[in-house]
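S.K.: First the structure, then my questions, so here it is.
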Amino acid sequence: MAKPVILLVCGSVREGSTNAAVLATVKELIPEPFTGEIFEGLRELPMFDPDLDRDPLPAKVVTLRARIANAAALLFSTPEYAGAMPGALKNLLEWTVGGAETSAKPCGWINPSTGPSGAAGTYASLGVVLRYTDAAVITDACVAVPVMRNQIVGGRIDDEGIRAQLARCIARLTAATR
Ligand SMILES: Cc1cc2nc3c(=O)[nH]c(=O)nc-3n(C[C@H](O)[C@H](O)[C@H](O)COP(=O)(O)O)c2cc1C
């Protein structure tokens, strides 16, 4: 039987992204019987357009919705740009409004910001949009785990303390899927 999937969605498309390193590390830490899948298609999604949000949907949107529908839970990690979530991530979430795939879906996030504002604006807006789509935001699985760039080696975080914090977040999210 296929393993239940935790879909990992990064708000950064940047090479060397801290948020991507967080999710690559999370993928390694996800416990059985779950498995982690990184959503790689953020950059290729078309700009949201209500006129395109009908059959036949753009192929990349079909894939996005199928990946969300197939997931037991979603876990986000995203930078803050100009005080809010990146446009690319908001665009992805706008494409979820027209499908019911996120409805009641357990969602969490890991905020690795080390900035003075703690990227509060991006996660406030992420929470607003997820709740708008009727996702089940699991408060205990929405955590700040500051990560310095020098703690990333080969696209992974090897600091045991950080890995333990990530593992606790994952456990709270997977618990919410049962
Ligand atoms: C255009 C732009 C705007 C940014 N705005 C903010 C901001 O409002 N708040 C903040 O804390 N960091 C801001 N940053 C810094 C990024 O959030 C930070 O570099 C983050 O680590 C990038 O994430 P990534 O490493 O996953 O790509 C901004 C960066 C860029 C390029």
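Quick note on naming: the chains in the structure tokens go A, B, ... in the order shown, residues restart at 1 in each chain, and ligands are numbered from 1 in order of appearance.
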Taking only C-alpha atoms and all ligand atoms into account, which residues have an atom no farther than 9 Å from ligand 1? I'd like them as a PyMOL selection string.

M.R.: chain A and resi 10-22+77-86+112-122+148-149

S.K.: Since we have the selection now, will you write its residues out, keeping C-alpha atoms, as a compact mmCIF listing (two decimals), in the first residue's frame?

M.R.:
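Once everything was written out, this is again-v4.txt:
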# COMPACT_ATOMS: atom_id res chain seq x y z
CA CYS A 10 8.71 25.80 -0.35
CA GLY A 11 7.98 29.47 -0.99
CA SER A 12 11.45 30.13 -2.39
CA VAL A 13 12.70 29.15 -5.83
CA ARG A 14 16.20 30.40 -5.03
CA GLU A 15 19.20 28.15 -5.55
CA GLY A 16 20.69 27.64 -2.08
CA SER A 17 17.41 28.51 -0.35
CA THR A 18 17.33 28.15 3.45
CA ASN A 19 13.64 27.20 3.30
CA ALA A 20 14.38 24.52 0.71
CA ALA A 21 17.15 23.15 2.96
CA VAL A 22 14.67 23.01 5.85
CA SER A 77 8.51 26.78 4.65
CA THR A 78 8.78 30.19 3.05
CA PRO A 79 10.74 33.40 3.17
CA GLU A 80 9.20 36.81 3.69
CA TYR A 81 9.39 39.24 0.80
CA ALA A 82 8.41 42.87 1.39
CA GLY A 83 6.54 42.03 4.58
CA ALA A 84 4.37 39.21 3.25
CA MET A 85 4.54 35.82 1.57
CA PRO A 86 6.29 35.60 -1.82
CA PRO A 112 13.50 29.41 9.68
CA SER A 113 13.82 33.21 9.72
CA THR A 114 16.62 34.78 11.72
CA GLY A 115 15.56 38.31 10.73
CA PRO A 116 14.51 40.96 13.27
CA SER A 117 10.80 40.63 12.41
CA GLY A 118 10.96 36.83 12.44
CA ALA A 119 9.21 36.92 9.06
CA ALA A 120 5.98 37.40 11.01
CA GLY A 121 4.22 39.00 8.05
CA THR A 122 4.72 36.07 5.73
CA MET A 148 21.58 30.35 10.02
CA ARG A 149 22.97 29.92 6.51

S.K.: Could you pull out the strand (DSSP E or B) residues of chain A, going by DSSP on the backbone, and write them as a PyMOL selection string?

M.R.: chain A and resi 5-10+35-38+71-77+81+84+106-111+136-144+152-153+156-157

S.K.: Skip Glu28 of chain A itself and residues of its chain fewer than 2 positions away, then list as a ChimeraX atom specification all residues within 12 Å of it, counting only C-alpha atoms.

M.R.: /A:6,8,21-26,30-32,34-38,155-158,163,166-167,170

S.K.: Looking at only C-alpha atoms, which of A:Pro46, A:Gly41, A:Gly127, A:Gly87 is the one that sits closest to Arg67 of chain A?

M.R.: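 Closest to Arg67 of chain A, using only C-alpha atoms: A:Gly41.
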
S.K.: If we count only C-alpha atoms, what is near Glu94 of chain A at a cut-off of 12 Å, once residues fewer than 4 positions away on the same chain are taken out, given as a VMD selection string?

M.R.: chain A and resid 45 to 50 53 61 64 to 65 87 to 90 98 to 100 102 126 129 to 130 132 to 133

S.K.: Rank A:Arg178, A:Asn150, A:Val145, A:Glu44 by their smallest atom-to-atom distance to Gln165 of chain A, using only C-alpha atoms, and report the top residue only.

M.R.: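 Distance minimum relative to Gln165 of chain A lands on A:Val145.
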
S.K.: Residues of chain A in helix (DSSP H, G or I) according to DSSP, as a PyMOL selection string?

M.R.: chain A and resi 18-29+42-44+50-52+59-70+87-97+120-132+149-151+160-175

S.K.: Need to verify the contact set: Ala71 of chain A, 6 Å, only C-alpha atoms, exclusion of same-chain residues closer than 3 positions in sequence. Can you return it as a list in words?

M.R.: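 What passes the distance filter is Val5, Ile6, Leu7 and Ile68 of chain A.
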
S.K.: Save out the residues we just selected, C-alpha atoms, as a PDB file, in the first residue's frame.

M.R.:
ATOM      1  CA  VAL A   5       2.439  11.585   1.881  1.00  0.00           C
ATOM      2  CA  ILE A   6       3.452  14.792   3.618  1.00  0.00           C
ATOM      3  CA  LEU A   7       3.691  17.306   0.771  1.00  0.00           C
ATOM      4  CA  ILE A  68      -2.460  18.126  -2.741  1.00  0.00           C
TER       5      ILE A  68
END

S.K.: What gap, in Å, lies between atom CA of Asp51 of chain A and atom CA of Glu101 of chain A?

M.R.: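 Atom CA of Asp51 of chain A sits 19.6 Å away from atom CA of Glu101 of chain A.
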
S.K.: Out of A:Thr177, A:Ala69, A:Pro58, A:Leu93, which residue has the shortest atom-to-atom distance to Val128 of chain A when counting only C-alpha atoms?

M.R.: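 Among the listed residues, the smallest separation from Val128 of chain A belongs to A:Leu93.
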
S.K.: What is the distance between atom CA of Thr96 of chain A and atom CA of Ala171 of chain A, in Å to one decimal?

M.R.: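 Taking atom CA of Thr96 of chain A as the start and atom CA of Ala171 of chain A as the end point, the length is 25.2 Å.
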
S.K.: Select, from A:Leu75, A:Val9, A:Val97, A:Ala176, the residue with the minimum atom-to-atom distance to Leu42 of chain A, counting only C-alpha atoms.

M.R.: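 Nearest candidate to Leu42 of chain A out of A:Leu75, A:Val9, A:Val97, A:Ala176: A:Val9.
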
S.K.: A:Ile110, A:Leu92, A:Ala164, A:Ala59: which is nearest Ala141 of chain A, counting only C-alpha atoms?

M.R.: A:Ile110

S.K.: Atom CA of Thr174 of chain A and atom CA of Pro4 of chain A are how many Å apart?

M.R.: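 The value is 9.5 Å.
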